[in-house]
file entry_7.cif (mmCIF, C-alpha atoms)
data_work
#
loop_
_atom_site.group_PDB
_atom_site.id
_atom_site.type_symbol
_atom_site.label_atom_id
_atom_site.label_comp_id
_atom_site.auth_asym_id
_atom_site.auth_seq_id
_atom_site.Cartn_x
_atom_site.Cartn_y
_atom_site.Cartn_z
ATOM 1 C CA MET A 1 -40.081 -75.088 -49.273
ATOM 2 C CA TYR A 2 -41.561 -76.102 -52.599
ATOM 3 C CA LYS A 3 -40.209 -72.923 -54.134
ATOM 4 C CA THR A 4 -36.729 -73.758 -52.915
ATOM 5 C CA ILE A 5 -36.877 -77.204 -54.467
ATOM 6 C CA ALA A 6 -38.261 -75.823 -57.729
ATOM 7 C CA PHE A 7 -35.495 -73.251 -57.740
ATOM 8 C CA ILE A 8 -32.782 -75.874 -57.206
ATOM 9 C CA GLN A 9 -34.277 -78.034 -59.950
ATOM 10 C CA ALA A 10 -34.423 -75.112 -62.350
ATOM 11 C CA ARG A 11 -30.856 -74.247 -61.488
ATOM 12 C CA ASN A 12 -29.695 -77.797 -62.131
ATOM 13 C CA ILE A 13 -31.493 -77.895 -65.477
ATOM 14 C CA PHE A 14 -29.854 -74.609 -66.326
ATOM 15 C CA LYS A 15 -26.427 -75.875 -65.279
ATOM 16 C CA SER A 16 -26.736 -79.044 -67.347
ATOM 17 C CA SER A 17 -27.915 -77.065 -70.354
ATOM 18 C CA ILE A 18 -24.891 -74.806 -70.251
ATOM 19 C CA THR A 19 -22.463 -77.668 -69.939
ATOM 20 C CA SER A 20 -24.002 -79.676 -72.784
ATOM 21 C CA ASN A 21 -24.419 -76.726 -75.108
ATOM 22 C CA MET A 22 -21.072 -75.855 -76.626
ATOM 23 C CA SER A 23 -22.251 -72.642 -78.258
ATOM 24 C CA ASN A 24 -22.668 -69.363 -76.437
ATOM 25 C CA PRO A 25 -26.365 -68.416 -76.487
ATOM 26 C CA ILE A 26 -26.195 -65.978 -73.582
ATOM 27 C CA GLU A 27 -23.229 -64.105 -74.986
ATOM 28 C CA GLN A 28 -25.118 -63.848 -78.293
ATOM 29 C CA SER A 29 -28.247 -62.622 -76.576
ATOM 30 C CA ILE A 30 -26.294 -59.972 -74.613
ATOM 31 C CA ARG A 31 -24.705 -58.810 -77.854
ATOM 32 C CA ASN A 32 -28.036 -58.732 -79.719
ATOM 33 C CA LYS A 33 -29.957 -56.892 -77.042
ATOM 34 C CA LEU A 34 -27.332 -54.216 -76.503
ATOM 35 C CA SER A 35 -26.890 -53.552 -80.218
ATOM 36 C CA LYS A 36 -30.636 -53.456 -80.817
ATOM 37 C CA GLN A 37 -31.556 -51.213 -77.930
ATOM 38 C CA LEU A 38 -28.666 -48.775 -78.018
ATOM 39 C CA THR A 39 -26.919 -46.945 -80.825
ATOM 40 C CA ILE A 40 -23.582 -48.640 -80.486
ATOM 41 C CA GLU A 41 -20.266 -47.197 -81.620
ATOM 42 C CA HIS A 42 -18.254 -49.996 -80.118
ATOM 43 C CA LEU A 43 -19.261 -53.146 -78.267
ATOM 44 C CA GLU A 44 -17.291 -55.882 -76.570
ATOM 45 C CA VAL A 45 -18.890 -58.797 -74.756
ATOM 46 C CA ILE A 46 -16.307 -60.814 -72.868
ATOM 47 C CA ASN A 47 -17.145 -64.090 -71.168
ATOM 48 C CA GLU A 48 -15.037 -64.130 -68.002
ATOM 49 C CA SER A 49 -16.659 -67.244 -66.562
ATOM 50 C CA TYR A 50 -13.481 -69.267 -67.040
ATOM 51 C CA MET A 51 -11.932 -67.182 -64.248
ATOM 52 C CA HIS A 52 -14.430 -68.611 -61.791
ATOM 53 C CA ASN A 53 -15.364 -71.880 -60.194
ATOM 54 C CA VAL A 54 -18.006 -72.849 -62.757
ATOM 55 C CA PRO A 55 -18.310 -75.681 -65.324
ATOM 56 C CA LYS A 56 -16.327 -75.380 -68.530
ATOM 57 C CA GLY A 57 -18.179 -73.405 -71.167
ATOM 58 C CA ALA A 58 -20.437 -71.742 -68.582
ATOM 59 C CA GLU A 59 -21.879 -68.317 -69.242
ATOM 60 C CA THR A 60 -22.106 -66.816 -65.780
ATOM 61 C CA HIS A 61 -19.620 -63.954 -65.595
ATOM 62 C CA PHE A 62 -19.469 -61.264 -68.255
ATOM 63 C CA LYS A 63 -17.794 -57.977 -68.930
ATOM 64 C CA VAL A 64 -19.300 -55.595 -71.436
ATOM 65 C CA VAL A 65 -17.726 -52.530 -72.984
ATOM 66 C CA VAL A 66 -20.420 -50.299 -74.448
ATOM 67 C CA VAL A 67 -19.574 -47.112 -76.316
ATOM 68 C CA SER A 68 -22.613 -45.098 -77.292
ATOM 69 C CA ASN A 69 -23.722 -41.538 -78.080
ATOM 70 C CA GLN A 70 -26.667 -42.126 -75.817
ATOM 71 C CA PHE A 71 -24.352 -41.898 -72.809
ATOM 72 C CA ASN A 72 -23.525 -38.261 -73.552
ATOM 73 C CA GLU A 73 -24.148 -36.217 -70.407
ATOM 74 C CA VAL A 74 -25.712 -39.216 -68.666
ATOM 75 C CA PRO A 75 -24.250 -39.915 -65.202
ATOM 76 C CA LEU A 76 -22.368 -43.167 -64.803
ATOM 77 C CA ILE A 77 -24.934 -44.739 -62.511
ATOM 78 C CA LYS A 78 -27.702 -44.111 -65.061
ATOM 79 C CA ARG A 79 -25.610 -45.633 -67.837
ATOM 80 C CA HIS A 80 -25.132 -48.737 -65.717
ATOM 81 C CA ARG A 81 -28.821 -48.864 -64.846
ATOM 82 C CA LEU A 82 -29.660 -48.659 -68.565
ATOM 83 C CA VAL A 83 -27.382 -51.593 -69.407
ATOM 84 C CA ASN A 84 -28.620 -53.590 -66.400
ATOM 85 C CA GLU A 85 -32.212 -52.985 -67.497
ATOM 86 C CA ILE A 86 -31.545 -54.146 -71.081
ATOM 87 C CA LEU A 87 -29.904 -57.306 -69.729
ATOM 88 C CA LYS A 88 -32.447 -57.849 -66.954
ATOM 89 C CA GLU A 89 -33.529 -61.271 -68.210
ATOM 90 C CA GLU A 90 -29.967 -62.557 -68.458
ATOM 91 C CA LEU A 91 -29.179 -61.266 -64.972
ATOM 92 C CA GLN A 92 -32.177 -63.087 -63.555
ATOM 93 C CA ASN A 93 -31.389 -66.309 -65.378
ATOM 94 C CA GLY A 94 -27.880 -67.359 -64.601
ATOM 95 C CA VAL A 95 -25.681 -64.362 -65.330
ATOM 96 C CA HIS A 96 -24.097 -63.891 -62.007
ATOM 97 C CA ALA A 97 -21.639 -61.062 -62.519
ATOM 98 C CA LEU A 98 -21.740 -58.256 -65.020
ATOM 99 C CA SER A 99 -18.927 -55.771 -65.174
ATOM 100 C CA ILE A 100 -19.848 -52.698 -67.193
ATOM 101 C CA SER A 101 -17.700 -50.137 -68.899
ATOM 102 C CA ALA A 102 -20.061 -47.552 -70.401
ATOM 103 C CA LYS A 103 -18.369 -44.760 -72.287
ATOM 104 C CA THR A 104 -19.266 -41.978 -74.682
ATOM 105 C CA PRO A 105 -17.458 -42.041 -78.065
ATOM 106 C CA THR A 106 -15.310 -39.104 -76.894
ATOM 107 C CA GLN A 107 -14.336 -40.895 -73.688
ATOM 108 C CA TRP A 108 -13.559 -44.050 -75.617
ATOM 109 C CA GLU A 109 -11.387 -42.183 -78.160
ATOM 110 C CA SER A 110 -9.387 -40.495 -75.424
ATOM 111 C CA SER A 111 -8.950 -43.724 -73.442
ATOM 112 C CA ASP A 112 -6.220 -46.279 -74.079
ATOM 113 C CA LYS A 113 -8.945 -48.606 -75.440
ATOM 114 C CA VAL A 114 -7.527 -51.431 -73.379
ATOM 115 C CA VAL A 115 -10.091 -53.537 -71.589
ATOM 116 C CA LYS A 116 -8.688 -54.644 -68.252
ATOM 117 C CA PRO A 117 -9.718 -58.064 -66.972
ATOM 118 C CA SER A 118 -11.912 -58.203 -63.894
ATOM 119 C CA PRO A 119 -10.395 -58.937 -60.486
ATOM 120 C CA ASN A 120 -9.638 -62.519 -59.572
ATOM 121 C CA CYS A 121 -12.349 -64.692 -58.165
ATOM 122 C CA ARG A 122 -12.166 -65.385 -54.450
ATOM 123 C CA GLY A 123 -14.331 -68.442 -54.358
ATOM 124 C CA GLY A 124 -17.638 -66.872 -53.408
ATOM 125 C CA PHE A 125 -19.554 -68.288 -56.331
ATOM 126 C CA GLY A 126 -22.925 -69.776 -55.458
ATOM 127 C CA LYS A 127 -22.597 -70.261 -51.744
ATOM 128 C CA MET B 1 -58.185 -76.696 -32.198
ATOM 129 C CA ASN B 2 -56.485 -78.868 -34.721
ATOM 130 C CA PHE B 3 -57.469 -76.494 -37.473
ATOM 131 C CA LEU B 4 -56.105 -73.588 -35.492
ATOM 132 C CA THR B 5 -52.673 -75.117 -34.995
ATOM 133 C CA LYS B 6 -52.599 -76.137 -38.633
ATOM 134 C CA SER B 7 -53.409 -72.671 -39.864
ATOM 135 C CA ARG B 8 -50.891 -71.236 -37.444
ATOM 136 C CA LYS B 9 -48.287 -73.578 -38.805
ATOM 137 C CA LEU B 10 -49.217 -72.643 -42.355
ATOM 138 C CA PHE B 11 -48.968 -68.997 -41.467
ATOM 139 C CA SER B 12 -45.526 -69.415 -39.978
ATOM 140 C CA VAL B 13 -44.365 -71.418 -43.008
ATOM 141 C CA SER B 14 -45.579 -68.756 -45.422
ATOM 142 C CA ASN B 15 -44.021 -66.131 -43.215
ATOM 143 C CA GLN B 16 -40.723 -67.968 -43.334
ATOM 144 C CA LEU B 17 -40.997 -68.279 -47.108
ATOM 145 C CA HIS B 18 -41.538 -64.584 -47.427
ATOM 146 C CA ARG B 19 -38.589 -63.877 -45.198
ATOM 147 C CA PHE B 20 -36.536 -66.353 -47.155
ATOM 148 C CA LEU B 21 -37.249 -64.431 -50.316
ATOM 149 C CA ALA B 22 -36.162 -60.974 -49.202
ATOM 150 C CA THR B 23 -35.291 -58.781 -46.241
ATOM 151 C CA LYS B 24 -37.909 -56.053 -45.871
ATOM 152 C CA PRO B 25 -37.133 -52.622 -47.364
ATOM 153 C CA GLU B 26 -37.696 -50.875 -44.023
ATOM 154 C CA ASP B 27 -35.076 -53.104 -42.397
ATOM 155 C CA LEU B 28 -32.623 -52.415 -45.202
ATOM 156 C CA LYS B 29 -33.288 -48.690 -44.937
ATOM 157 C CA LYS B 30 -32.214 -48.880 -41.288
ATOM 158 C CA LEU B 31 -29.034 -50.706 -42.288
ATOM 159 C CA VAL B 32 -28.036 -48.212 -44.992
ATOM 160 C CA ASP B 33 -28.764 -45.272 -42.677
ATOM 161 C CA ASN B 34 -26.766 -46.742 -39.811
ATOM 162 C CA ASN B 35 -23.405 -45.407 -41.004
ATOM 163 C CA LYS B 36 -22.130 -42.807 -43.459
ATOM 164 C CA VAL B 37 -20.724 -45.565 -45.634
ATOM 165 C CA VAL B 38 -22.364 -48.973 -45.878
ATOM 166 C CA VAL B 39 -21.205 -51.829 -48.102
ATOM 167 C CA PHE B 40 -23.070 -54.993 -49.048
ATOM 168 C CA MET B 41 -20.519 -57.539 -50.164
ATOM 169 C CA LYS B 42 -19.604 -61.198 -50.486
ATOM 170 C CA GLY B 43 -17.537 -62.234 -47.498
ATOM 171 C CA ASN B 44 -16.267 -59.681 -45.002
ATOM 172 C CA PRO B 45 -13.578 -56.979 -45.238
ATOM 173 C CA GLU B 46 -11.011 -59.325 -43.626
ATOM 174 C CA GLN B 47 -11.851 -62.065 -46.088
ATOM 175 C CA PRO B 48 -13.729 -60.964 -49.201
ATOM 176 C CA ARG B 49 -15.064 -63.885 -51.199
ATOM 177 C CA CYS B 50 -15.389 -62.185 -54.557
ATOM 178 C CA GLY B 51 -12.903 -60.154 -56.572
ATOM 179 C CA PHE B 52 -15.358 -57.303 -57.057
ATOM 180 C CA SER B 53 -16.120 -57.084 -53.346
ATOM 181 C CA ASN B 54 -12.401 -57.219 -52.620
ATOM 182 C CA ALA B 55 -11.811 -54.285 -54.964
ATOM 183 C CA VAL B 56 -14.319 -52.175 -53.017
ATOM 184 C CA VAL B 57 -12.682 -53.160 -49.705
ATOM 185 C CA GLN B 58 -9.268 -52.148 -51.061
ATOM 186 C CA ILE B 59 -10.586 -48.781 -52.270
ATOM 187 C CA MET B 60 -12.161 -48.061 -48.875
ATOM 188 C CA ARG B 61 -8.921 -49.072 -47.182
ATOM 189 C CA MET B 62 -6.903 -46.671 -49.362
ATOM 190 C CA HIS B 63 -9.205 -43.825 -48.410
ATOM 191 C CA GLY B 64 -9.152 -44.882 -44.766
ATOM 192 C CA VAL B 65 -12.937 -45.080 -44.636
ATOM 193 C CA LYS B 66 -14.678 -46.742 -41.719
ATOM 194 C CA TYR B 67 -17.855 -48.435 -42.880
ATOM 195 C CA ASP B 68 -20.507 -51.020 -42.081
ATOM 196 C CA ALA B 69 -20.064 -54.215 -44.088
ATOM 197 C CA HIS B 70 -22.804 -56.791 -44.603
ATOM 198 C CA ASP B 71 -22.030 -60.254 -45.942
ATOM 199 C CA VAL B 72 -24.799 -61.300 -48.320
ATOM 200 C CA LEU B 73 -23.395 -64.824 -48.626
ATOM 201 C CA SER B 74 -24.346 -65.469 -45.030
ATOM 202 C CA ASP B 75 -27.848 -64.074 -45.493
ATOM 203 C CA GLU B 76 -29.819 -65.106 -48.571
ATOM 204 C CA GLU B 77 -32.767 -62.869 -47.622
ATOM 205 C CA MET B 78 -30.509 -59.871 -47.510
ATOM 206 C CA ARG B 79 -28.922 -60.835 -50.811
ATOM 207 C CA GLN B 80 -32.339 -60.793 -52.526
ATOM 208 C CA GLY B 81 -33.631 -57.849 -50.527
ATOM 209 C CA ILE B 82 -30.805 -55.463 -51.255
ATOM 210 C CA LYS B 83 -30.984 -56.135 -54.994
ATOM 211 C CA GLU B 84 -34.654 -55.151 -54.981
ATOM 212 C CA PHE B 85 -34.102 -52.281 -52.559
ATOM 213 C CA SER B 86 -31.621 -50.494 -54.821
ATOM 214 C CA SER B 87 -32.865 -51.930 -58.164
ATOM 215 C CA TRP B 88 -29.347 -53.097 -58.809
ATOM 216 C CA PRO B 89 -28.778 -56.700 -59.828
ATOM 217 C CA THR B 90 -25.256 -57.324 -58.590
ATOM 218 C CA ILE B 91 -23.101 -57.328 -55.442
ATOM 219 C CA PRO B 92 -21.141 -55.395 -54.120
ATOM 220 C CA GLN B 93 -23.284 -52.351 -53.451
ATOM 221 C CA VAL B 94 -22.050 -49.168 -51.809
ATOM 222 C CA PHE B 95 -24.201 -46.627 -49.979
ATOM 223 C CA ILE B 96 -23.005 -43.190 -48.900
ATOM 224 C CA ASN B 97 -25.258 -41.208 -46.568
ATOM 225 C CA GLY B 98 -28.031 -43.733 -47.133
ATOM 226 C CA GLU B 99 -27.893 -43.305 -50.889
ATOM 227 C CA PHE B 100 -26.909 -45.996 -53.336
ATOM 228 C CA VAL B 101 -23.827 -44.869 -55.271
ATOM 229 C CA GLY B 102 -22.938 -47.957 -57.275
ATOM 230 C CA GLY B 103 -21.130 -51.242 -57.529
ATOM 231 C CA CYS B 104 -17.482 -52.122 -58.060
ATOM 232 C CA ASP B 105 -17.077 -50.561 -61.536
ATOM 233 C CA ILE B 106 -18.546 -47.233 -60.457
ATOM 234 C CA LEU B 107 -16.545 -47.106 -57.200
ATOM 235 C CA LEU B 108 -13.366 -47.830 -59.139
ATOM 236 C CA GLN B 109 -14.125 -45.017 -61.586
ATOM 237 C CA MET B 110 -15.009 -42.614 -58.767
ATOM 238 C CA HIS B 111 -11.738 -43.537 -57.085
ATOM 239 C CA GLN B 112 -9.743 -42.947 -60.267
ATOM 240 C CA SER B 113 -11.454 -39.656 -61.135
ATOM 241 C CA GLY B 114 -11.188 -38.244 -57.622
ATOM 242 C CA ASP B 115 -14.971 -38.027 -57.303
ATOM 243 C CA LEU B 116 -14.891 -40.410 -54.362
ATOM 244 C CA ILE B 117 -12.807 -37.974 -52.316
ATOM 245 C CA GLU B 118 -15.440 -35.311 -53.022
ATOM 246 C CA GLU B 119 -18.362 -37.563 -52.192
ATOM 247 C CA LEU B 120 -16.720 -38.564 -48.916
ATOM 248 C CA GLU B 121 -16.007 -34.933 -48.098
ATOM 249 C CA LYS B 122 -19.689 -34.080 -48.576
ATOM 250 C CA VAL B 123 -20.566 -36.424 -45.714
ATOM 251 C CA GLY B 124 -17.701 -35.211 -43.551
ATOM 252 C CA ILE B 125 -15.169 -37.971 -44.206
ATOM 253 C CA LYS B 126 -11.675 -36.848 -45.073
ATOM 254 C CA SER B 127 -10.017 -39.333 -47.373
ATOM 255 C CA ALA B 128 -6.706 -40.719 -46.127
ATOM 256 C CA LEU B 129 -5.339 -40.146 -49.627
ATOM 257 C CA LEU B 130 -5.452 -36.411 -48.957
ATOM 258 C CA ASP B 131 -3.163 -36.887 -45.923
ATOM 259 C CA ASP B 132 -0.772 -38.995 -47.951
ATOM 260 C CA SER B 133 -0.479 -36.420 -50.700
ATOM 261 C CA LYS B 134 0.426 -33.607 -48.316
ATOM 262 C CA PRO B 135 3.932 -34.694 -47.332
ATOM 263 C CA LYS B 136 4.673 -35.386 -51.006
ATOM 264 C CA ASP B 137 3.639 -31.851 -51.900
ATOM 265 C CA ASP B 138 5.867 -30.470 -49.141
ATOM 266 C CA LYS B 139 8.863 -32.298 -50.508
ATOM 267 C CA LYS B 140 8.456 -30.789 -53.980
#

call {"tool": "encode", "arguments": {"input": "entry_7.cif", "output": "structure tokens"}}
result
Amino acid sequence: MYKTIAFIQARNIFKSSITSNMSNPIEQSIRNKLSKQLTIEHLEVINESYMHNVPKGAETHFKVVVVSNQFNEVPLIKRHRLVNEILKEELQNGVHALSISAKTPTQWESSDKVVKPSPNCRGGFGK
Amino acid sequence: MNFLTKSRKLFSVSNQLHRFLATKPEDLKKLVDNNKVVVFMKGNPEQPRCGFSNAVVQIMRMHGVKYDAHDVLSDEEMRQGIKEFSSWPTIPQVFINGEFVGGCDILLQMHQSGDLIEELEKVGIKSALLDDSKPKDDKK
């Protein structure tokens, strides 16, 4: 029971901190971690939180496009696991949805390089 | 006597806490092995409550796949448990033949590349998309 209360408190503190802070610390941290821990050819970090039922300026829903040599001959699921692992802390602390597009430079070059937005929210946030 | 009931109560509270935190791996293993395709999602196939879960439902519908769906929004223990079980931090999660194959992004890519048809075939499910393409081929 205590854990539940502590969790709710922590969540509320987190929520108030994201509404009062106008900058984008989580987006920055996602960007920093991915560029530090992978050799990046191309990186996009898109905050899609506005598409969801969360406070203005929230950093809860992200899409990342990661193009890296390190993905060569690595199966898709392992690429995703690698990105998830690098962003583990963020995913445990408020980042609620992470859409990943992980491509090799060759795949990226031959693609249309258009990043499609994620599907519409259907109101399942939180509860 | 008093001590006994107290400790029993404590035990049941801690037990509840544990269960609150996560469904046990052995229980989840049973769930993922129960059908050839098993999906953990937000909401249910009739009414998905998340765009990513909805995308998976639509893909399965296109391929005419029958599957078990589990709504993690109605079961917090399962929501935590399945994330730990598959070491995957997000929902939806798709299992084929008891094996975790990925979330929405991966399913979408497998659908687009045709890999999903192959994966389904391996477990003896013929994708409905194959039936649809036949009449078209005949017309050509």

call {"tool": "closest_residue", "arguments": {"input": "entry_7.cif", "among": "A:Ile26, A:Glu48, A:Lys116, A:Ser35", "to": "A:Asn93", "atoms": "all atoms listed in the file"}}
result
A:Ile26

call {"tool": "resolve_selection", "arguments": {"input": "entry_7.cif", "expression": "the PyMOL selection byres ((chain A) within 6 of (chain B))", "output": "PDB file with C-alpha atoms, in the coordinates of the input"}}
result
ATOM      1  CA  PRO A 119     -10.395 -58.937 -60.486  1.00  0.00           C
ATOM      2  CA  ASN A 120      -9.638 -62.519 -59.572  1.00  0.00           C
ATOM      3  CA  CYS A 121     -12.349 -64.692 -58.165  1.00  0.00           C
ATOM      4  CA  ARG A 122     -12.166 -65.385 -54.450  1.00  0.00           C
ATOM      5  CA  GLY A 123     -14.331 -68.442 -54.358  1.00  0.00           C
ATOM      6  CA  GLY A 124     -17.638 -66.872 -53.408  1.00  0.00           C
TER       7      GLY A 124
END

call {"tool": "resolve_selection", "arguments": {"input": "entry_7.cif", "expression": "the PyMOL selection byres ((chain B and resi 94-98) around 6)", "output": "ChimeraX atom specification"}}
result
/B:32-33,36-39,93,99-102

call {"tool": "residues_around", "arguments": {"input": "entry_7.cif", "residues": "A:Leu76", "least_positions_apart": "3", "cutoff": "9 Å", "atoms": "only C-alpha atoms", "output": "list of chain:residue names"}}
result
A:Phe71, A:Arg79, A:His80, A:Arg81, A:Ala102, A:Lys103, B:Gly102, B:Ile106

call {"tool": "write_last_selection", "arguments": {"input": "entry_7.cif", "atoms": "C-alpha atoms", "output": "compact mmCIF listing (two decimals), keeping the file's coordinate frame"}}
result
# COMPACT_ATOMS: atom_id res chain seq x y z
CA PHE A 71 -24.35 -41.90 -72.81
CA ARG A 79 -25.61 -45.63 -67.84
CA HIS A 80 -25.13 -48.74 -65.72
CA ARG A 81 -28.82 -48.86 -64.85
CA ALA A 102 -20.06 -47.55 -70.40
CA LYS A 103 -18.37 -44.76 -72.29
CA GLY B 102 -22.94 -47.96 -57.28
CA ILE B 106 -18.55 -47.23 -60.46

call {"tool": "residues_near_point", "arguments": {"input": "entry_7.cif", "point": "(-14.5, -46.9, -46.8)", "cutoff": "10 Å", "atoms": "only C-alpha atoms", "output": "list in words"}}
result
Lys36, Val37, Val38, Val39, Val56, Val57, Gln58, Ile59, Met60, Arg61, Met62, His63, Gly64, Val65, Lys66, Tyr67, Asp68, Ala69, Val94, Ile96, Leu116, Leu120, Ile125, Ser127 and Ala128 of chain B

call {"tool": "residues_around", "arguments": {"input": "entry_7.cif", "residues": "stretch 84-86 of chain A", "least_positions_apart": "2", "cutoff": "12 Å", "atoms": "all atoms listed in the file", "output": "PyMOL selection string"}}
result
(chain A and resi 29-38+63-64+66+77-82+88-92+95+97-102) or (chain B and resi 83+87-90+103)

call {"tool": "atom_distance", "arguments": {"input": "entry_7.cif", "atom1": "atom CA of B:Asn35", "atom2": "atom CA of B:Leu108"}}
result
20.9 Å

call {"tool": "atom_distance", "arguments": {"input": "entry_7.cif", "atom1": "atom CA of A:Asp112", "atom2": "atom CA of B:Leu107"}}
result
19.8 Å

call {"tool": "atom_distance", "arguments": {"input": "entry_7.cif", "atom1": "atom CA of A:Val67", "atom2": "atom CA of B:Glu119"}}
result
26.0 Å

call {"tool": "resolve_selection", "arguments": {"input": "entry_7.cif", "expression": "the PyMOL selection byres ((chain B and resi 23-27) around 6)", "output": "VMD selection string"}}
result
chain B and resid 22 28 to 30 77 to 78 81

call {"tool": "closest_residue", "arguments": {"input": "entry_7.cif", "among": "A:Gly94, A:Pro117, A:Pro55, A:Pro105", "to": "A:Ser68", "atoms": "only C-alpha atoms"}}
result
A:Pro105

call {"tool": "closest_residue", "arguments": {"input": "entry_7.cif", "among": "A:Glu27, A:Trp108, A:His96, A:Asn47", "to": "A:Asn72", "atoms": "all atoms listed in the file"}}
result
A:Trp108
